[in-house]
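Asker: Supplied structure: data.cif, mmCIF, C-alpha atoms.
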data_run
loop_
_atom_site.label_atom_id
_atom_site.label_comp_id
_atom_site.auth_asym_id
_atom_site.auth_seq_id
_atom_site.Cartn_x
_atom_site.Cartn_y
_atom_site.Cartn_z
CA MET A 1 33.01 182.16 25.09
CA PHE A 2 33.73 181.14 21.48
CA ASP A 3 33.06 177.87 19.73
CA GLU A 4 35.95 177.08 17.38
CA GLU A 5 33.98 174.52 15.34
CA ASN A 6 30.98 176.60 14.27
CA GLY A 7 32.64 179.98 14.81
CA LEU A 8 29.92 181.42 17.05
CA LEU A 9 30.25 183.58 20.12
CA THR A 10 28.12 182.30 22.97
CA PRO A 11 25.01 184.36 23.77
CA LEU A 12 25.52 183.35 27.41
CA LEU A 13 28.22 186.01 27.72
CA ASP A 14 26.48 189.19 28.86
CA ILE A 15 28.22 191.53 26.43
CA THR A 16 27.36 189.32 23.45
CA PHE A 17 23.83 188.77 24.77
CA LYS A 18 23.25 192.51 24.98
CA SER A 19 24.81 193.24 21.59
CA MET A 20 22.65 190.60 19.93
CA PHE A 21 19.43 192.34 21.01
CA THR A 22 20.47 196.01 20.74
CA LYS A 23 21.99 196.42 17.30
CA ASP A 24 20.43 199.17 15.20
CA ARG A 25 18.95 196.79 12.64
CA ASP A 26 15.53 195.31 12.00
CA ASP A 27 16.40 191.69 12.75
CA SER A 28 17.87 192.65 16.14
CA ARG A 29 14.77 194.67 17.02
CA LYS A 30 12.46 191.83 15.99
CA ALA A 31 14.50 189.33 17.99
CA LEU A 32 14.21 191.51 21.10
CA ARG A 33 10.47 192.03 20.67
CA CYS A 34 9.83 188.29 20.26
CA PHE A 35 12.16 187.44 23.13
CA VAL A 36 10.46 189.84 25.55
CA SER A 37 7.05 188.54 24.41
CA ALA A 38 8.17 185.00 25.23
CA LEU A 39 9.47 185.99 28.66
CA ILE A 40 6.43 187.94 29.87
CA ASN A 41 4.11 185.49 28.11
CA GLU A 42 2.17 187.97 25.98
CA ASN A 43 2.60 189.57 22.57
CA VAL A 44 4.47 192.87 22.59
CA ALA A 45 4.11 195.33 19.73
CA GLU A 46 7.28 197.33 20.29
CA VAL A 47 10.27 197.44 22.64
CA PHE A 48 12.51 200.46 23.20
CA VAL A 49 15.99 199.90 24.64
CA LEU A 50 16.77 202.55 27.28
CA ASN A 51 20.43 201.72 27.90
CA ASN A 52 21.76 200.85 24.47
CA ASP A 53 25.32 202.08 25.06
CA ILE A 54 27.83 199.55 26.34
CA PRO A 55 30.49 201.13 28.64
CA LEU A 56 33.42 199.44 26.92
CA SER A 57 36.28 200.71 29.08
CA GLN A 58 34.44 199.67 32.24
CA CYS A 59 32.91 196.35 31.19
CA ILE A 60 36.25 195.10 29.90
CA ASN A 61 38.01 195.64 33.23
CA ASP A 62 35.20 195.50 35.77
CA LYS A 63 33.08 192.37 36.10
CA ASN A 64 30.67 194.19 38.42
CA ILE A 65 29.39 196.43 35.61
CA ARG A 66 25.81 195.36 34.82
CA LEU A 67 25.28 194.74 31.11
CA ASP A 68 21.55 194.28 31.43
CA LEU A 69 18.84 195.09 28.91
CA ASN A 70 16.72 197.92 30.26
CA CYS A 71 13.63 198.24 28.07
CA LYS A 72 10.36 200.09 27.82
CA LEU A 73 7.30 198.63 26.10
CA GLU A 74 4.91 200.57 23.90
CA ASP A 75 2.46 201.00 26.80
CA GLY A 76 5.12 202.26 29.22
CA ARG A 77 5.81 199.02 31.09
CA LEU A 78 9.43 198.57 32.16
CA VAL A 79 11.46 195.40 31.62
CA ASP A 80 15.00 194.75 32.85
CA ILE A 81 16.74 191.57 31.61
CA GLU A 82 20.11 190.33 32.80
CA MET A 83 22.19 187.36 31.72
CA GLN A 84 24.26 185.63 34.42
CA MET A 85 26.71 183.10 33.05
CA GLN A 86 28.27 182.15 36.39
CA ASP A 87 26.92 181.87 39.92
CA GLU A 88 28.67 184.45 42.09
CA ASN A 89 26.92 183.28 45.28
CA TYR A 90 24.72 186.34 45.70
CA ASN A 91 21.47 186.17 47.57
CA HIS A 92 19.66 186.12 44.24
CA GLY A 93 16.20 186.64 45.70
CA ASN A 94 17.20 189.80 47.57
CA ARG A 95 19.13 191.04 44.57
CA LEU A 96 16.17 190.61 42.21
CA GLU A 97 13.80 192.35 44.60
CA TYR A 98 16.26 195.21 45.05
CA TYR A 99 16.56 195.91 41.33
CA LEU A 100 12.82 195.45 40.86
CA SER A 101 12.11 198.05 43.55
CA ARG A 102 14.39 200.46 41.70
CA LEU A 103 12.35 199.98 38.53
CA VAL A 104 9.22 200.98 40.45
CA SER A 105 10.68 203.79 42.54
CA GLY A 106 12.44 205.26 39.51
CA GLN A 107 9.08 206.13 37.97
CA GLU A 108 7.29 209.40 38.54
CA ALA A 109 3.68 209.13 39.64
CA VAL A 110 2.08 211.43 37.05
CA ASP A 111 -0.27 213.92 38.74
CA ASN A 112 0.61 212.23 42.06
CA ASP A 113 -1.64 209.36 41.05
CA TYR A 114 -0.33 205.88 41.86
CA ASP A 115 -2.63 204.48 39.19
CA ASN A 116 -0.20 205.92 36.65
CA LEU A 117 2.65 203.67 37.78
CA ARG A 118 3.59 201.17 35.08
CA ARG A 119 4.04 197.44 35.57
CA THR A 120 7.62 196.33 36.00
CA TYR A 121 9.47 193.09 35.22
CA GLN A 122 12.87 192.11 36.60
CA ILE A 123 14.08 189.11 34.61
CA MET A 124 17.14 186.97 35.34
CA ILE A 125 18.49 184.37 32.92
CA ALA A 126 20.93 182.15 34.80
CA ASN A 127 23.29 179.53 33.45
CA PHE A 128 23.07 177.84 36.86
CA SER A 129 20.40 176.77 39.32
CA ILE A 130 18.93 179.55 41.42
CA PHE A 131 16.63 177.24 43.35
CA ASP A 132 17.55 173.87 44.86
CA ASP A 133 17.51 170.92 42.47
CA ASP A 134 15.33 168.62 44.57
CA GLU A 135 12.60 166.24 43.59
CA GLU A 136 9.83 168.80 43.96
CA GLU A 137 8.30 169.19 40.50
CA GLU A 138 7.79 172.93 41.01
CA ASN A 139 11.51 173.46 41.54
CA GLN A 140 12.34 171.60 38.34
CA ASN A 141 10.44 174.13 36.22
CA PRO A 142 13.07 176.26 34.41
CA VAL A 143 10.72 179.26 34.27
CA GLN A 144 9.44 180.80 37.51
CA ARG A 145 7.16 183.83 37.77
CA PHE A 146 6.75 185.78 41.01
CA SER A 147 4.37 188.55 42.01
CA MET A 148 3.09 189.95 45.30
CA ARG A 149 0.21 187.86 46.60
CA THR A 150 -1.03 186.18 49.76
CA GLU A 151 -0.46 182.52 50.53
CA SER A 152 -4.01 181.84 49.34
CA GLY A 153 -3.30 183.55 46.00
CA LEU A 154 -4.90 186.97 46.55
CA GLN A 155 -2.88 189.53 44.54
CA LEU A 156 -1.91 192.85 46.07
CA THR A 157 -2.50 194.54 42.70
CA ASN A 158 -4.21 193.09 39.66
CA PRO A 159 -2.49 192.96 37.29
CA SER A 160 0.62 192.77 39.41
CA LEU A 161 2.71 195.96 39.46
CA MET A 162 5.92 194.15 40.46
CA ASN A 163 7.00 190.95 38.70
CA VAL A 164 10.11 188.79 38.89
CA ILE A 165 10.81 186.15 36.25
CA THR A 166 13.69 183.68 36.46
CA LEU A 167 14.92 181.38 33.73
CA GLU A 168 17.34 178.63 34.83
CA LEU A 169 19.13 177.25 31.79
CA THR A 170 20.51 174.29 33.75
CA LYS A 171 16.97 172.93 33.97
CA ILE A 172 16.57 172.94 30.19
CA LYS A 173 17.24 169.30 29.33
CA LYS A 174 17.56 167.48 26.03
CA PRO A 175 14.91 164.83 25.41
CA LYS A 176 15.80 161.27 26.28
CA GLY A 177 16.73 159.25 23.22
CA LEU A 178 17.54 162.37 21.19
CA LYS A 179 19.75 160.51 18.72
CA GLY A 180 17.01 158.04 17.87
CA MET A 181 14.26 160.64 17.46
CA SER A 182 13.01 161.51 13.99
CA ASP A 183 12.85 165.14 12.92
CA GLU A 184 9.07 165.04 13.30
CA GLU A 185 9.29 163.65 16.83
CA LEU A 186 11.90 166.21 17.83
CA GLU A 187 9.89 169.07 16.35
CA LYS A 188 6.82 167.94 18.29
CA TRP A 189 8.89 167.88 21.48
CA VAL A 190 10.25 171.40 20.86
CA LEU A 191 6.84 172.86 20.02
CA GLY A 192 5.40 171.31 23.18
CA LYS A 193 7.54 173.59 25.34
CA SER A 194 6.70 177.15 26.43
CA PRO A 195 8.01 180.10 24.37
CA ALA A 196 10.46 181.00 27.15
CA GLU A 197 11.84 177.44 27.17
CA GLN A 198 12.14 177.45 23.37
CA TRP A 199 14.23 180.62 23.48
CA SER A 200 16.28 179.03 26.27
CA MET A 201 17.20 176.17 23.94
CA PHE A 202 18.72 178.65 21.52
CA LEU A 203 20.59 180.59 24.21
CA LYS A 204 21.95 177.46 25.87
CA TRP A 205 22.81 175.37 22.80
CA ALA A 206 23.63 177.93 20.10
CA THR A 207 27.27 176.79 20.15
CA ASN A 208 26.63 173.13 21.06
CA LYS A 209 27.11 170.84 18.06
CA ASN A 210 25.34 168.00 19.88
CA ALA A 211 22.16 170.07 19.94
CA ASN A 212 22.27 171.37 16.36
CA ARG A 213 18.98 169.70 15.42
CA ILE A 214 17.16 171.34 18.31
CA VAL A 215 18.63 174.78 17.52
CA GLU A 216 17.68 174.42 13.86
CA ILE A 217 14.06 173.58 14.72
CA VAL A 218 13.82 176.45 17.18
CA SER A 219 15.36 178.82 14.64
CA ASP A 220 12.96 177.66 11.93
CA LYS A 221 9.74 177.51 13.96
CA ILE A 222 9.98 180.10 16.76
CA ALA A 223 9.44 183.76 15.89
CA GLY A 224 12.52 185.93 16.29
CA VAL A 225 15.05 183.15 16.89
CA SER A 226 16.30 183.03 13.30
CA GLU A 227 16.83 186.81 13.47
CA ALA A 228 18.73 186.49 16.74
CA LYS A 229 20.88 183.75 15.22
CA GLU A 230 21.63 185.89 12.18
CA VAL A 231 22.75 188.79 14.37
CA LEU A 232 24.85 186.42 16.48
CA MET A 233 26.57 185.07 13.37
CA GLU A 234 27.31 188.62 12.22
CA LEU A 235 28.75 189.52 15.64
CA SER A 236 30.90 186.39 15.56
CA ARG A 237 32.40 187.46 12.22
CA THR A 238 33.31 190.92 13.53
CA ASP A 239 36.82 191.27 14.90
CA THR A 240 35.82 194.06 17.29
CA GLU A 241 32.96 192.05 18.80
CA ARG A 242 35.15 188.97 19.16
CA GLU A 243 37.84 190.99 20.91
CA LEU A 244 35.32 192.61 23.23
CA ALA A 245 33.89 189.19 24.07
CA ARG A 246 37.40 187.85 24.73
CA MET A 247 38.28 190.73 27.04
CA ARG A 248 34.94 190.60 28.84
CA ASN A 249 35.33 186.85 29.35
CA LYS A 250 38.82 187.46 30.73
CA ALA A 251 37.42 190.01 33.23
CA ILE A 252 34.84 187.45 34.37
CA MET A 253 37.47 184.71 34.68
CA ASP A 254 39.83 187.00 36.61
CA PHE A 255 37.01 187.99 38.95
CA THR A 256 35.94 184.38 39.48
CA SER A 257 39.53 183.26 40.01
CA SER A 258 40.05 186.01 42.60
CA MET A 259 36.83 185.07 44.38
CA ASN A 260 37.81 181.40 44.46
CA ALA A 261 41.32 182.24 45.70
CA ASN A 262 39.88 184.39 48.50
CA TYR A 263 37.46 181.59 49.36
CA ARG A 264 40.28 179.02 49.55
CA ARG A 265 42.39 181.44 51.58
CA GLY A 266 39.50 181.98 53.98
CA ILE A 267 39.00 178.24 54.34
CA LYS A 268 42.71 177.72 55.10
CA ILE A 269 42.79 180.56 57.65
CA GLY A 270 39.67 179.21 59.30
CA PHE A 271 41.10 175.70 59.33
CA ASP A 272 44.42 176.81 60.80
CA GLU A 273 42.70 178.88 63.48
CA GLY A 274 40.35 176.02 64.21
CA VAL A 275 43.23 173.56 64.63
CA THR A 276 45.13 175.95 66.91
CA LYS A 277 42.09 176.70 69.02
CA GLY A 278 41.12 173.05 69.11
CA LEU A 279 44.58 172.02 70.33
CA GLN A 280 44.55 174.72 73.00
CA GLN A 281 41.09 173.74 74.20
CA GLY A 282 42.10 170.09 74.10
CA ILE A 283 45.18 170.70 76.24
CA GLU A 284 43.24 172.80 78.74
CA LYS A 285 40.44 170.28 78.95
CA GLY A 286 42.91 167.41 79.23
CA LEU A 287 44.74 169.08 82.09
CA GLN A 288 41.50 169.81 83.94
CA GLN A 289 40.24 166.28 83.44
CA GLY A 290 43.64 164.92 84.53
CA ILE A 291 43.59 166.95 87.75
CA GLU A 292 40.03 165.94 88.57
CA LYS A 293 40.69 162.31 87.81
CA GLY A 294 43.93 162.34 89.82
CA MET A 295 42.17 163.82 92.85
CA GLN A 296 39.39 161.26 92.65
CA GLN A 297 41.83 158.39 92.30
CA GLY A 298 43.92 159.75 95.18
CA ILE A 299 40.92 159.93 97.50
CA GLU A 300 39.77 156.45 96.57
CA LYS A 301 43.25 155.01 96.94
CA GLY A 302 43.82 156.79 100.29
CA MET A 303 40.55 155.47 101.68
CA GLN A 304 41.35 151.95 100.53
CA GLN A 305 44.85 152.08 101.98
CA GLY A 306 43.52 153.49 105.28
CA ILE A 307 40.96 150.71 105.60
CA GLU A 308 43.53 148.04 104.81
CA LYS A 309 46.07 149.49 107.28
CA GLY A 310 43.47 149.83 110.02
CA MET A 311 42.36 146.24 109.58
CA GLN A 312 45.97 145.05 109.64
CA GLN A 313 46.76 146.98 112.84
CA GLY A 314 43.57 145.71 114.50
CA ILE A 315 44.46 142.10 113.75
CA GLU A 316 48.00 142.56 115.07
CA SER A 317 46.72 144.15 118.32
CA PHE A 318 44.18 141.33 118.81
CA VAL A 319 46.88 138.67 118.36
CA ASN A 320 49.24 140.42 120.82
CA LEU A 321 46.48 140.59 123.45
CA LEU A 322 45.79 136.89 123.09
CA LYS A 323 49.51 136.20 123.46
CA SER A 324 49.52 138.21 126.72
CA GLY A 325 47.09 135.68 128.19
CA LEU A 326 43.75 137.42 127.73
CA SER A 327 40.72 135.51 126.65
CA ILE A 328 39.07 136.21 123.28
CA GLU A 329 36.23 138.12 124.99
CA GLU A 330 38.68 140.20 126.99
CA ALA A 331 40.90 140.85 123.93
CA LEU A 332 37.91 142.07 121.85
CA LYS A 333 36.74 144.27 124.69
CA ASN A 334 40.23 145.66 125.10
CA ILE A 335 40.52 146.52 121.34
CA GLY A 336 37.14 148.31 121.47
CA SER A 337 38.15 150.40 124.45
CA VAL A 338 41.46 151.31 122.77
CA GLY A 339 39.62 152.42 119.58
CA SER A 340 37.10 154.57 121.52
CA THR A 341 39.91 156.18 123.46
CA LYS A 342 41.62 157.18 120.27
#
Let me see whether you can do it: turn the structure in this file into structure tokens.

Answerer:
Amino acid sequence: MFDEENGLLTPLLDITFKSMFTKDRDDSRKALRCFVSALINENVAEVFVLNNDIPLSQCINDKNIRLDLNCKLEDGRLVDIEMQMQDENYNHGNRLEYYLSRLVSGQEAVDNDYDNLRRTYQIMIANFSIFDDDEEEENQNPVQRFSMRTESGLQLTNPSLMNVITLELTKIKKPKGLKGMSDEELEKWVLGKSPAEQWSMFLKWATNKNANRIVEIVSDKIAGVSEAKEVLMELSRTDTERELARMRNKAIMDFTSSMNANYRRGIKIGFDEGVTKGLQQGIEKGLQQGIEKGMQQGIEKGMQQGIEKGMQQGIESFVNLLKSGLSIEEALKNIGSVGSTK
């Protein structure tokens, strides 16, 4: 939230991010215009902020208040930019499409002509990964641009009426061997990145002393960044802005802590219920298996005992017949007739 060493508020906090681009001063307006130009990848002549007021009493106590930048370009196009410092486990894709659809549906089709609808941009800057960090090169790109088109690339409208842009700050990486790079080498590396990535370096590392050289190059070479930095420094020197940032950060931390506590509580309840149910099922299954196994063993043992007893009785009867004076043939015949009689 606040870097004690260089005295700067972090632009990753939504209230500071919004204040930096909406102050009624020329450097703030220039910073916003250059920033939007970098995000939509084309030069913008003028940007008008539609929701400049910050609802202080609400944003301090309610994390769910959206402190986004809702803007209108000189040609009527609509741009909504939000800064997300922490992942709150939303379905980010659905959320972005929902807010984008509101940008479109909130317009009035002048003279009932759909051709008069203006292009819209829903932009999310995330200090976390929205898409899986796998080895696919496409997923490692910090800037993703989405529009409505077929799998073969055919656009529904040209230029696209509805656009989503995501910027994942976690995928902005420092160059390998940064400490050993000369200023010229580092400048070449910075200037080789896209405008959106260059602005990301400022947003991500503005308060990071280990990235001072990168921030200085971006501030010196990229249009609008030095103005944004100047506004940020002014905000950081203002007691009111610092207090607002502190209270907003507290609201976010309280919200996150509550979410995590509920998550842990849910895990514990689920675990306890799972153990109880598992024990019950185990006992029931064990009893059933015990009964079935006992019956099987009883049948097998009974059959074995019956065979053994029958054989023993047959031998005893045969011996007794021999003792009575019968021949072997007569004794065998006699046993057979006794068995058939039974």

Asker: If we count all atoms listed in the file, what is near range 47-50 of chain A at a cut-off of 7 Å, once residues fewer than 4 positions away on the same chain are taken out, given as a count of residues only?

Answerer: 6

Asker: Determine the residue membership of the PyMOL selection byres ((chain A and resi 172-184) around 10) for the file above and supply it as a list of chain:residue names.

Answerer: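 That expression, the PyMOL selection byres ((chain A and resi 172-184) around 10), corresponds here to A:Asn127, A:Gln140, A:Asn141, A:Pro142, A:Val143, A:Leu167, A:Glu168, A:Leu169, A:Thr170, A:Lys171, A:Glu185, A:Leu186, A:Glu187, A:Lys188, A:Trp189, A:Val190, A:Glu197, A:Gln198, A:Ser200, A:Met201, A:Lys204, A:Trp205, A:Asn210, A:Ala211, A:Arg213, A:Ile214, A:Ile217.
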
Asker: Hey, which of A:Lys333, A:Lys285, A:Arg248, A:Lys229 ends up closest to Ser28 in chain A? Count all atoms listed in the file.

Answerer: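 Among the listed residues, A:Lys229 lies closest to Ser28 in chain A.
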
Asker: Report as a list in words the full result of the PyMOL selection byres ((chain A and resi 83) around 10) when it is applied to this structure.

Answerer: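 Taken over the shown coordinates, the PyMOL selection byres ((chain A and resi 83) around 10) returns Pro11, Leu12, Leu13, Asp14, Ile15, Thr16, Phe17, Lys18, Arg66, Leu67, Asp68, Leu69, Ile81, Glu82, Gln84, Met85, Gln86, Ile123, Met124, Ile125, Ala126, Asn127 and Leu167 of chain A.
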
Asker: Enter the distance from CA of Pro195 in chain A to CA of Asn43 in chain A, in Å, rounded to one decimal.

Answerer: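 Taking CA of Pro195 in chain A and CA of Asn43 in chain A, their separation equals 11.1 Å.
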
Asker: For a quick check of understanding, using all atoms listed in the file, which of A:Ala45, A:Val104, A:Leu232, A:Val164 has the smallest distance to His92 in chain A?

Answerer: A:Val164

Asker: Kindly give the distance, in Å, that separates CA of Arg95 in chain A and CA of Gln122 in chain A, rounded to a single decimal.

Answerer: 10.2 Å

Asker: Which residues come within 12 Å of Leu8 in chain A, counting all atoms listed in the file, excluding same-chain residues fewer than 2 positions away, as a ChimeraX atom specification?

Answerer: /A:1-6,10-13,16,203,205-209,229-238,241-242,245

Asker: Between CA of Glu216 in chain A and CA of Ala228 in chain A, what is the distance, to one decimal in Å?

Answerer: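 Distance between the two atoms: 12.5 Å.
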
Asker: Taking into account all atoms listed in the file, which residue in the set A:Ser152, A:Ser101, A:Asn116, A:Ser194 is nearest to Ala38 in chain A?

Answerer: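 Answer, going by the shortest atom-to-atom distance: A:Ser194.
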
Asker: Would you be able to write out as an MDAnalysis selection string which residues have an atom within 6 Å of (18.0, 178.8, 18.7) in the file's coordinates, counting all atoms listed in the file?

Answerer: chainID A and resid 201:202 206 215 218:219 225

Asker: Please tell me which residues are no farther than 6 Å from (6.5, 185.5, 35.6) in the file, counting all atoms listed in the file, and write them as a count of residues only.

Answerer: 5

Asker: Would you kindly return, as a ChimeraX atom specification, each protein, DNA or RNA residue with an atom no farther than 10 Å from any atom of Leu117 in chain A, considering only C-alpha atoms and excluding same-chain residues fewer than 4 positions away?

Answerer: /A:76-77,104-105,107-110,112-113,161

Asker: For Ala223 in chain A, which residue out of A:Leu244, A:Ile252, A:Leu191, A:Leu322 is the nearest one, using only C-alpha atoms?

Answerer: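 For Ala223 in chain A, the nearest of the candidates is A:Leu191.
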